[in-house]
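With mmCIF, N, CA and C atoms, pLDDT in the B column; chains and numbers go by the auth columns inside, this is upload-v3.cif:
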data_entry
loop_
_atom_site.group_PDB
_atom_site.id
_atom_site.type_symbol
_atom_site.label_atom_id
_atom_site.label_comp_id
_atom_site.label_asym_id
_atom_site.label_seq_id
_atom_site.Cartn_x
_atom_site.Cartn_y
_atom_site.Cartn_z
_atom_site.B_iso_or_equiv
_atom_site.auth_seq_id
_atom_site.auth_asym_id
ATOM 1 N N MET A 1 -19.792 -6.351 19.637 85.00 3 A
ATOM 2 C CA MET A 1 -18.738 -6.038 18.700 85.00 3 A
ATOM 3 C C MET A 1 -18.258 -7.301 17.993 85.00 3 A
ATOM 4 N N LYS A 2 -18.078 -8.374 18.748 87.00 4 A
ATOM 5 C CA LYS A 2 -17.628 -9.621 18.143 87.00 4 A
ATOM 6 C C LYS A 2 -18.620 -10.110 17.101 87.00 4 A
ATOM 7 N N ASN A 3 -19.912 -10.021 17.434 91.00 5 A
ATOM 8 C CA ASN A 3 -20.940 -10.490 16.505 91.00 5 A
ATOM 9 C C ASN A 3 -20.925 -9.688 15.208 91.00 5 A
ATOM 10 N N GLU A 4 -20.667 -8.390 15.306 91.00 6 A
ATOM 11 C CA GLU A 4 -20.599 -7.560 14.106 91.00 6 A
ATOM 12 C C GLU A 4 -19.422 -7.968 13.228 91.00 6 A
ATOM 13 N N ILE A 5 -18.288 -8.235 13.842 90.00 7 A
ATOM 14 C CA ILE A 5 -17.098 -8.655 13.092 90.00 7 A
ATOM 15 C C ILE A 5 -17.360 -9.992 12.414 90.00 7 A
ATOM 16 N N ILE A 6 -17.912 -10.927 13.144 92.00 8 A
ATOM 17 C CA ILE A 6 -18.218 -12.249 12.588 92.00 8 A
ATOM 18 C C ILE A 6 -19.183 -12.112 11.415 92.00 8 A
ATOM 19 N N LYS A 7 -20.214 -11.296 11.580 92.00 9 A
ATOM 20 C CA LYS A 7 -21.205 -11.116 10.526 92.00 9 A
ATOM 21 C C LYS A 7 -20.574 -10.523 9.279 92.00 9 A
ATOM 22 N N LYS A 8 -19.735 -9.495 9.450 91.00 10 A
ATOM 23 C CA LYS A 8 -19.099 -8.854 8.299 91.00 10 A
ATOM 24 C C LYS A 8 -18.175 -9.815 7.559 91.00 10 A
ATOM 25 N N ILE A 9 -17.415 -10.597 8.285 90.00 11 A
ATOM 26 C CA ILE A 9 -16.506 -11.559 7.647 90.00 11 A
ATOM 27 C C ILE A 9 -17.305 -12.611 6.894 90.00 11 A
ATOM 28 N N ASN A 10 -18.327 -13.148 7.531 91.00 12 A
ATOM 29 C CA ASN A 10 -19.141 -14.168 6.882 91.00 12 A
ATOM 30 C C ASN A 10 -19.906 -13.604 5.687 91.00 12 A
ATOM 31 N N ASP A 11 -20.376 -12.365 5.787 92.00 13 A
ATOM 32 C CA ASP A 11 -21.041 -11.734 4.649 92.00 13 A
ATOM 33 C C ASP A 11 -20.073 -11.547 3.487 92.00 13 A
ATOM 34 N N TYR A 12 -18.837 -11.190 3.811 91.00 14 A
ATOM 35 C CA TYR A 12 -17.832 -11.001 2.771 91.00 14 A
ATOM 36 C C TYR A 12 -17.599 -12.293 1.988 91.00 14 A
ATOM 37 N N TYR A 13 -17.456 -13.400 2.708 90.00 15 A
ATOM 38 C CA TYR A 13 -17.185 -14.675 2.052 90.00 15 A
ATOM 39 C C TYR A 13 -18.447 -15.328 1.493 90.00 15 A
ATOM 40 N N GLY A 14 -19.606 -14.946 1.995 92.00 16 A
ATOM 41 C CA GLY A 14 -20.850 -15.498 1.485 92.00 16 A
ATOM 42 C C GLY A 14 -21.254 -16.807 2.131 92.00 16 A
ATOM 43 N N TYR A 15 -20.534 -17.226 3.116 92.00 17 A
ATOM 44 C CA TYR A 15 -20.877 -18.428 3.876 92.00 17 A
ATOM 45 C C TYR A 15 -20.299 -18.277 5.276 92.00 17 A
ATOM 46 N N ARG A 16 -20.612 -19.225 6.144 91.00 18 A
ATOM 47 C CA ARG A 16 -20.158 -19.138 7.530 91.00 18 A
ATOM 48 C C ARG A 16 -18.686 -19.555 7.623 91.00 18 A
ATOM 49 N N ALA A 17 -17.818 -18.597 7.350 91.00 19 A
ATOM 50 C CA ALA A 17 -16.375 -18.855 7.341 91.00 19 A
ATOM 51 C C ALA A 17 -15.827 -18.968 8.763 91.00 19 A
ATOM 52 N N ILE A 18 -16.354 -18.170 9.683 91.00 20 A
ATOM 53 C CA ILE A 18 -15.911 -18.219 11.078 91.00 20 A
ATOM 54 C C ILE A 18 -17.138 -18.216 11.982 91.00 20 A
ATOM 55 N N ASN A 19 -16.948 -18.725 13.192 92.00 21 A
ATOM 56 C CA ASN A 19 -18.068 -18.713 14.132 92.00 21 A
ATOM 57 C C ASN A 19 -17.703 -18.059 15.473 92.00 21 A
ATOM 58 N N ARG A 20 -16.418 -17.682 15.636 92.00 22 A
ATOM 59 C CA ARG A 20 -16.039 -16.978 16.850 92.00 22 A
ATOM 60 C C ARG A 20 -14.789 -16.151 16.594 92.00 22 A
ATOM 61 N N VAL A 21 -14.600 -15.149 17.445 90.00 23 A
ATOM 62 C CA VAL A 21 -13.440 -14.271 17.380 90.00 23 A
ATOM 63 C C VAL A 21 -12.887 -14.147 18.781 90.00 23 A
ATOM 64 N N ARG A 22 -11.555 -14.235 18.888 88.00 24 A
ATOM 65 C CA ARG A 22 -10.908 -14.057 20.190 88.00 24 A
ATOM 66 C C ARG A 22 -9.947 -12.888 20.097 88.00 24 A
ATOM 67 N N PHE A 23 -9.947 -12.071 21.125 85.00 25 A
ATOM 68 C CA PHE A 23 -9.006 -10.963 21.232 85.00 25 A
ATOM 69 C C PHE A 23 -7.985 -11.315 22.298 85.00 25 A
ATOM 70 N N ARG A 24 -6.719 -11.013 21.997 82.00 26 A
ATOM 71 C CA ARG A 24 -5.679 -11.310 22.965 82.00 26 A
ATOM 72 C C ARG A 24 -4.744 -10.113 23.061 82.00 26 A
ATOM 73 N N ASN A 25 -4.506 -9.662 24.250 84.00 27 A
ATOM 74 C CA ASN A 25 -3.557 -8.583 24.480 84.00 27 A
ATOM 75 C C ASN A 25 -2.188 -9.197 24.711 84.00 27 A
ATOM 76 N N THR A 26 -1.234 -8.784 23.899 77.00 28 A
ATOM 77 C CA THR A 26 0.126 -9.292 24.052 77.00 28 A
ATOM 78 C C THR A 26 1.106 -8.138 23.937 77.00 28 A
ATOM 79 N N ILE A 27 2.319 -8.414 24.303 72.00 29 A
ATOM 80 C CA ILE A 27 3.398 -7.441 24.200 72.00 29 A
ATOM 81 C C ILE A 27 4.029 -7.585 22.825 72.00 29 A
ATOM 82 N N ILE A 28 4.271 -6.465 22.185 66.00 30 A
ATOM 83 C CA ILE A 28 4.954 -6.487 20.893 66.00 30 A
ATOM 84 C C ILE A 28 6.449 -6.444 21.183 66.00 30 A
ATOM 85 N N HIS A 29 7.142 -7.454 20.751 65.00 31 A
ATOM 86 C CA HIS A 29 8.578 -7.547 21.000 65.00 31 A
ATOM 87 C C HIS A 29 9.351 -6.679 20.004 65.00 31 A
ATOM 88 N N ASP A 30 10.530 -6.269 20.407 65.00 32 A
ATOM 89 C CA ASP A 30 11.349 -5.406 19.570 65.00 32 A
ATOM 90 C C ASP A 30 11.703 -6.059 18.237 65.00 32 A
ATOM 91 N N LYS A 31 11.858 -7.380 18.218 63.00 33 A
ATOM 92 C CA LYS A 31 12.208 -8.060 16.977 63.00 33 A
ATOM 93 C C LYS A 31 11.138 -7.843 15.914 63.00 33 A
ATOM 94 N N VAL A 32 9.904 -7.939 16.315 61.00 34 A
ATOM 95 C CA VAL A 32 8.804 -7.756 15.370 61.00 34 A
ATOM 96 C C VAL A 32 8.807 -6.337 14.830 61.00 34 A
ATOM 97 N N LEU A 33 8.954 -5.360 15.720 64.00 35 A
ATOM 98 C CA LEU A 33 8.989 -3.970 15.295 64.00 35 A
ATOM 99 C C LEU A 33 10.193 -3.693 14.407 64.00 35 A
ATOM 100 N N THR A 34 11.339 -4.241 14.764 71.00 36 A
ATOM 101 C CA THR A 34 12.554 -4.028 13.989 71.00 36 A
ATOM 102 C C THR A 34 12.406 -4.604 12.591 71.00 36 A
ATOM 103 N N LYS A 35 11.864 -5.830 12.494 72.00 37 A
ATOM 104 C CA LYS A 35 11.669 -6.439 11.175 72.00 37 A
ATOM 105 C C LYS A 35 10.733 -5.602 10.321 72.00 37 A
ATOM 106 N N LYS A 36 9.640 -5.129 10.924 70.00 38 A
ATOM 107 C CA LYS A 36 8.665 -4.336 10.186 70.00 38 A
ATOM 108 C C LYS A 36 9.286 -3.034 9.703 70.00 38 A
ATOM 109 N N LEU A 37 10.008 -2.343 10.586 71.00 39 A
ATOM 110 C CA LEU A 37 10.632 -1.081 10.207 71.00 39 A
ATOM 111 C C LEU A 37 11.689 -1.284 9.128 71.00 39 A
ATOM 112 N N THR A 38 12.468 -2.353 9.240 75.00 40 A
ATOM 113 C CA THR A 38 13.492 -2.645 8.246 75.00 40 A
ATOM 114 C C THR A 38 12.858 -2.912 6.893 75.00 40 A
ATOM 115 N N LYS A 39 11.792 -3.674 6.893 75.00 41 A
ATOM 116 C CA LYS A 39 11.092 -3.985 5.646 75.00 41 A
ATOM 117 C C LYS A 39 10.540 -2.720 5.009 75.00 41 A
ATOM 118 N N GLU A 40 9.928 -1.850 5.830 75.00 42 A
ATOM 119 C CA GLU A 40 9.382 -0.595 5.318 75.00 42 A
ATOM 120 C C GLU A 40 10.486 0.286 4.753 75.00 42 A
ATOM 121 N N ARG A 41 11.611 0.365 5.434 74.00 43 A
ATOM 122 C CA ARG A 41 12.725 1.189 4.946 74.00 43 A
ATOM 123 C C ARG A 41 13.277 0.648 3.633 74.00 43 A
ATOM 124 N N ASN A 42 13.367 -0.684 3.512 71.00 44 A
ATOM 125 C CA ASN A 42 13.845 -1.271 2.264 71.00 44 A
ATOM 126 C C ASN A 42 12.894 -0.955 1.120 71.00 44 A
ATOM 127 N N ASN A 43 11.599 -1.047 1.371 70.00 45 A
ATOM 128 C CA ASN A 43 10.618 -0.730 0.337 70.00 45 A
ATOM 129 C C ASN A 43 10.731 0.725 -0.101 70.00 45 A
ATOM 130 N N GLU A 44 10.907 1.621 0.881 69.00 46 A
ATOM 131 C CA GLU A 44 11.036 3.039 0.565 69.00 46 A
ATOM 132 C C GLU A 44 12.283 3.306 -0.272 69.00 46 A
ATOM 133 N N SER A 45 13.388 2.679 0.082 65.00 47 A
ATOM 134 C CA SER A 45 14.620 2.927 -0.666 65.00 47 A
ATOM 135 C C SER A 45 14.525 2.381 -2.080 65.00 47 A
ATOM 136 N N GLN A 46 13.838 1.252 -2.259 66.00 48 A
ATOM 137 C CA GLN A 46 13.651 0.711 -3.604 66.00 48 A
ATOM 138 C C GLN A 46 12.788 1.633 -4.443 66.00 48 A
ATOM 139 N N LEU A 47 11.754 2.207 -3.835 64.00 49 A
ATOM 140 C CA LEU A 47 10.877 3.112 -4.570 64.00 49 A
ATOM 141 C C LEU A 47 11.607 4.392 -4.954 64.00 49 A
ATOM 142 N N ARG A 48 12.478 4.863 -4.082 61.00 50 A
ATOM 143 C CA ARG A 48 13.242 6.074 -4.396 61.00 50 A
ATOM 144 C C ARG A 48 14.195 5.839 -5.555 61.00 50 A
ATOM 145 N N LYS A 49 14.697 4.618 -5.671 60.00 51 A
ATOM 146 C CA LYS A 49 15.636 4.301 -6.739 60.00 51 A
ATOM 147 C C LYS A 49 14.960 4.253 -8.106 60.00 51 A
ATOM 148 N N GLN A 50 13.636 4.054 -8.080 58.00 52 A
ATOM 149 C CA GLN A 50 12.921 4.005 -9.345 58.00 52 A
ATOM 150 C C GLN A 50 12.985 5.371 -10.010 58.00 52 A
ATOM 151 N N LYS A 51 13.188 5.341 -11.303 53.00 53 A
ATOM 152 C CA LYS A 51 13.225 6.582 -12.056 53.00 53 A
ATOM 153 C C LYS A 51 11.998 6.636 -12.939 53.00 53 A
ATOM 154 N N LYS A 52 11.694 7.819 -13.361 51.00 54 A
ATOM 155 C CA LYS A 52 10.603 7.941 -14.307 51.00 54 A
ATOM 156 C C LYS A 52 11.068 7.317 -15.624 51.00 54 A
ATOM 157 N N ASN A 53 10.428 6.262 -16.020 51.00 55 A
ATOM 158 C CA ASN A 53 10.777 5.577 -17.260 51.00 55 A
ATOM 159 C C ASN A 53 9.673 5.782 -18.283 51.00 55 A
ATOM 160 N N PHE A 54 9.315 7.028 -18.486 52.00 56 A
ATOM 161 C CA PHE A 54 8.271 7.324 -19.444 52.00 56 A
ATOM 162 C C PHE A 54 8.913 7.631 -20.785 52.00 56 A
ATOM 163 N N SER A 55 8.336 7.111 -21.823 60.00 57 A
ATOM 164 C CA SER A 55 8.812 7.388 -23.163 60.00 57 A
ATOM 165 C C SER A 55 7.705 8.114 -23.920 60.00 57 A
ATOM 166 N N PHE A 56 7.935 9.375 -24.171 59.00 58 A
ATOM 167 C CA PHE A 56 6.923 10.178 -24.848 59.00 58 A
ATOM 168 C C PHE A 56 7.438 10.684 -26.190 59.00 58 A
ATOM 169 N N ASP A 57 8.202 9.868 -26.873 63.00 59 A
ATOM 170 C CA ASP A 57 8.778 10.303 -28.143 63.00 59 A
ATOM 171 C C ASP A 57 7.707 10.662 -29.162 63.00 59 A
ATOM 172 N N GLU A 58 6.569 9.977 -29.105 64.00 60 A
ATOM 173 C CA GLU A 58 5.524 10.200 -30.097 64.00 60 A
ATOM 174 C C GLU A 58 4.667 11.413 -29.754 64.00 60 A
ATOM 175 N N ILE A 59 4.755 11.912 -28.518 67.00 61 A
ATOM 176 C CA ILE A 59 3.948 13.051 -28.096 67.00 61 A
ATOM 177 C C ILE A 59 4.759 14.323 -28.292 67.00 61 A
ATOM 178 N N GLU A 60 4.155 15.272 -28.975 69.00 62 A
ATOM 179 C CA GLU A 60 4.838 16.542 -29.198 69.00 62 A
ATOM 180 C C GLU A 60 4.847 17.355 -27.910 69.00 62 A
ATOM 181 N N GLU A 61 5.788 18.285 -27.831 72.00 63 A
ATOM 182 C CA GLU A 61 5.856 19.162 -26.663 72.00 63 A
ATOM 183 C C GLU A 61 4.549 19.940 -26.562 72.00 63 A
ATOM 184 N N GLY A 62 4.038 20.056 -25.347 78.00 64 A
ATOM 185 C CA GLY A 62 2.815 20.822 -25.167 78.00 64 A
ATOM 186 C C GLY A 62 2.128 20.472 -23.870 78.00 64 A
ATOM 187 N N GLU A 63 0.861 20.854 -23.801 77.00 65 A
ATOM 188 C CA GLU A 63 0.103 20.679 -22.573 77.00 65 A
ATOM 189 C C GLU A 63 -0.066 19.206 -22.190 77.00 65 A
ATOM 190 N N LEU A 64 -0.314 18.336 -23.168 81.00 66 A
ATOM 191 C CA LEU A 64 -0.522 16.913 -22.867 81.00 66 A
ATOM 192 C C LEU A 64 0.727 16.304 -22.249 81.00 66 A
ATOM 193 N N LYS A 65 1.877 16.599 -22.835 76.00 67 A
ATOM 194 C CA LYS A 65 3.132 16.055 -22.307 76.00 67 A
ATOM 195 C C LYS A 65 3.397 16.572 -20.890 76.00 67 A
ATOM 196 N N GLU A 66 3.140 17.838 -20.656 81.00 68 A
ATOM 197 C CA GLU A 66 3.332 18.410 -19.325 81.00 68 A
ATOM 198 C C GLU A 66 2.373 17.784 -18.319 81.00 68 A
ATOM 199 N N ALA A 67 1.122 17.564 -18.735 83.00 69 A
ATOM 200 C CA ALA A 67 0.125 16.964 -17.846 83.00 69 A
ATOM 201 C C ALA A 67 0.513 15.537 -17.477 83.00 69 A
ATOM 202 N N ILE A 68 1.001 14.778 -18.449 80.00 70 A
ATOM 203 C CA ILE A 68 1.402 13.389 -18.183 80.00 70 A
ATOM 204 C C ILE A 68 2.610 13.357 -17.259 80.00 70 A
ATOM 205 N N ASN A 69 3.574 14.228 -17.484 79.00 71 A
ATOM 206 C CA ASN A 69 4.749 14.300 -16.595 79.00 71 A
ATOM 207 C C ASN A 69 4.343 14.699 -15.186 79.00 71 A
ATOM 208 N N SER A 70 3.422 15.645 -15.071 83.00 72 A
ATOM 209 C CA SER A 70 2.951 16.078 -13.761 83.00 72 A
ATOM 210 C C SER A 70 2.240 14.940 -13.039 83.00 72 A
ATOM 211 N N LEU A 71 1.412 14.187 -13.768 84.00 73 A
ATOM 212 C CA LEU A 71 0.724 13.034 -13.190 84.00 73 A
ATOM 213 C C LEU A 71 1.730 11.992 -12.700 84.00 73 A
ATOM 214 N N GLY A 72 2.738 11.695 -13.510 80.00 74 A
ATOM 215 C CA GLY A 72 3.768 10.734 -13.106 80.00 74 A
ATOM 216 C C GLY A 72 4.503 11.182 -11.857 80.00 74 A
ATOM 217 N N ASP A 73 4.846 12.464 -11.806 81.00 75 A
ATOM 218 C CA ASP A 73 5.527 12.998 -10.617 81.00 75 A
ATOM 219 C C ASP A 73 4.675 12.857 -9.376 81.00 75 A
ATOM 220 N N SER A 74 3.387 13.202 -9.489 81.00 76 A
ATOM 221 C CA SER A 74 2.528 13.124 -8.301 81.00 76 A
ATOM 222 C C SER A 74 2.321 11.676 -7.868 81.00 76 A
ATOM 223 N N MET A 75 2.252 10.745 -8.817 80.00 77 A
ATOM 224 C CA MET A 75 2.102 9.328 -8.453 80.00 77 A
ATOM 225 C C MET A 75 3.343 8.830 -7.743 80.00 77 A
ATOM 226 N N LEU A 76 4.513 9.175 -8.226 78.00 78 A
ATOM 227 C CA LEU A 76 5.760 8.745 -7.586 78.00 78 A
ATOM 228 C C LEU A 76 5.898 9.372 -6.198 78.00 78 A
ATOM 229 N N ASN A 77 5.468 10.605 -6.043 77.00 79 A
ATOM 230 C CA ASN A 77 5.540 11.257 -4.734 77.00 79 A
ATOM 231 C C ASN A 77 4.620 10.575 -3.735 77.00 79 A
ATOM 232 N N LYS A 78 3.428 10.168 -4.163 71.00 80 A
ATOM 233 C CA LYS A 78 2.510 9.452 -3.263 71.00 80 A
ATOM 234 C C LYS A 78 3.092 8.116 -2.856 71.00 80 A
ATOM 235 N N ILE A 79 3.725 7.422 -3.786 67.00 81 A
ATOM 236 C CA ILE A 79 4.319 6.115 -3.489 67.00 81 A
ATOM 237 C C ILE A 79 5.469 6.277 -2.505 67.00 81 A
ATOM 238 N N ASN A 80 6.262 7.320 -2.664 63.00 82 A
ATOM 239 C CA ASN A 80 7.442 7.508 -1.823 63.00 82 A
ATOM 240 C C ASN A 80 7.104 7.986 -0.424 63.00 82 A
ATOM 241 N N LYS A 81 5.885 8.451 -0.187 58.00 83 A
ATOM 242 C CA LYS A 81 5.523 8.950 1.145 58.00 83 A
ATOM 243 C C LYS A 81 5.147 7.857 2.067 58.00 83 A
#
Reformat the file's structure so that it appears as C-alpha coordinates.
Amino acid sequence: MKNEIIKKINDYYGYRAINRVRFRNTIIHDKVLTKKLTKERNNESQLRKQKKNFSFDEIEEGELKEAINSLGDSMLNKINK
(Lines of atoms letter the chains of each structure in order from A and count residues from 1; the text may use other names and numbers.)
(Lines give C-alpha, C1' and ligand atoms only; values in the text may rest on other atoms or scores of the structure.)
Protein backbone atom coordinates (compact mmCIF):
# COMPACT_ATOMS: atom_id res chain seq x y z
CA MET A 1 0.00 0.00 0.00
CA LYS A 2 2.79 2.42 0.87
CA ASN A 3 4.53 1.74 -2.44
CA GLU A 4 1.33 2.49 -4.35
CA ILE A 5 0.89 5.81 -2.54
CA ILE A 6 4.52 6.78 -3.15
CA LYS A 7 4.23 5.85 -6.82
CA LYS A 8 1.03 7.85 -7.31
CA ILE A 9 2.46 10.95 -5.63
CA ASN A 10 5.69 10.76 -7.60
CA ASP A 11 3.78 10.16 -10.85
CA TYR A 12 1.64 13.20 -10.12
CA TYR A 13 4.66 15.46 -9.67
CA GLY A 14 6.65 13.82 -12.45
CA TYR A 15 9.74 13.28 -10.33
CA ARG A 16 10.72 11.53 -7.11
CA ALA A 17 9.05 13.95 -4.72
CA ILE A 18 8.91 11.48 -1.81
CA ASN A 19 10.64 8.23 -1.01
CA ARG A 20 8.75 7.04 2.08
CA VAL A 21 5.41 7.32 3.84
CA ARG A 22 4.75 6.95 7.55
CA PHE A 23 1.38 6.31 9.15
CA ARG A 24 0.77 7.38 12.71
CA ASN A 25 -2.26 6.69 14.85
CA THR A 26 -3.02 9.58 17.15
CA ILE A 27 -5.88 10.87 19.22
CA ILE A 28 -7.86 13.74 17.77
CA HIS A 29 -8.19 16.37 20.46
CA ASP A 30 -11.39 18.30 21.02
CA LYS A 31 -9.69 21.59 20.12
CA VAL A 32 -8.99 20.40 16.60
CA LEU A 33 -12.54 19.16 16.13
CA THR A 34 -14.00 22.33 17.63
CA LYS A 35 -11.92 24.57 15.35
CA LYS A 36 -12.92 22.54 12.29
CA LEU A 37 -16.62 22.57 13.18
CA THR A 38 -16.54 26.30 13.94
CA LYS A 39 -14.86 27.03 10.63
CA GLU A 40 -17.40 24.90 8.75
CA ARG A 41 -20.31 26.61 10.50
CA ASN A 42 -18.90 30.06 9.69
CA ASN A 43 -18.53 29.11 6.03
CA GLU A 44 -22.11 27.82 5.94
CA SER A 45 -23.51 30.97 7.51
CA GLN A 46 -21.60 33.17 5.06
CA LEU A 47 -22.95 31.16 2.13
CA ARG A 48 -26.50 31.45 3.44
CA LYS A 49 -26.12 35.21 3.64
CA GLN A 50 -25.29 35.36 -0.03
CA LYS A 51 -28.20 36.43 -2.14
CA LYS A 52 -28.86 35.78 -5.74
CA ASN A 53 -27.23 38.77 -7.40
CA PHE A 54 -28.27 38.00 -10.93
CA SER A 55 -29.13 40.84 -13.24
CA PHE A 56 -31.28 39.74 -16.14
CA ASP A 57 -32.60 43.10 -17.26
CA GLU A 58 -31.64 42.39 -20.87
CA ILE A 59 -33.35 38.98 -20.91
CA GLU A 60 -37.06 38.99 -21.60
CA GLU A 61 -39.42 36.95 -19.46
CA GLY A 62 -39.59 33.38 -20.69
CA GLU A 63 -38.06 29.96 -20.65
CA LEU A 64 -34.42 31.16 -20.75
CA LYS A 65 -34.87 33.42 -17.74
CA GLU A 66 -36.62 30.66 -15.80
CA ALA A 67 -33.89 28.16 -16.71
CA ILE A 68 -31.13 30.53 -15.57
CA ASN A 69 -32.93 31.24 -12.28
CA SER A 70 -33.44 27.52 -11.72
CA LEU A 71 -29.75 26.85 -12.39
CA GLY A 72 -28.73 29.58 -9.93
CA ASP A 73 -31.05 28.18 -7.27
CA SER A 74 -29.70 24.66 -7.67
CA MET A 75 -26.08 25.90 -7.52
CA LEU A 76 -26.74 27.85 -4.32
CA ASN A 77 -28.50 24.85 -2.79
CA LYS A 78 -25.50 22.60 -3.53
CA ILE A 79 -23.14 25.15 -1.99
CA ASN A 80 -25.28 25.49 1.14
CA LYS A 81 -25.43 21.72 1.76
*For CA of Asn45 (chain A) and CA of Thr28 (chain A), quote the distance in Å rounded to one decimal.*
27.3 Å
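The shortest atom-to-atom distance to Phe25 (chain A), with only C-alpha atoms taken into account, belongs to A:Lys4 out of A:Lys41, A:Lys4, A:Lys80, A:Lys9.
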*Residues selected by the PyMOL selection byres (((chain A and resi 23 and name CA) around 9) and name CA), written as a ChimeraX atom specification*: /A:4-5,7-8,20-22,24-25
*So what do you get for atom N of Leu39 (chain A) versus atom C of Gly74 (chain A), distance-wise?*
26.8 Å
*What does the distance between CA of Lys38 (chain A) and CA of Asn79 (chain A) come to in Å, to one decimal place?*
21.8 Å
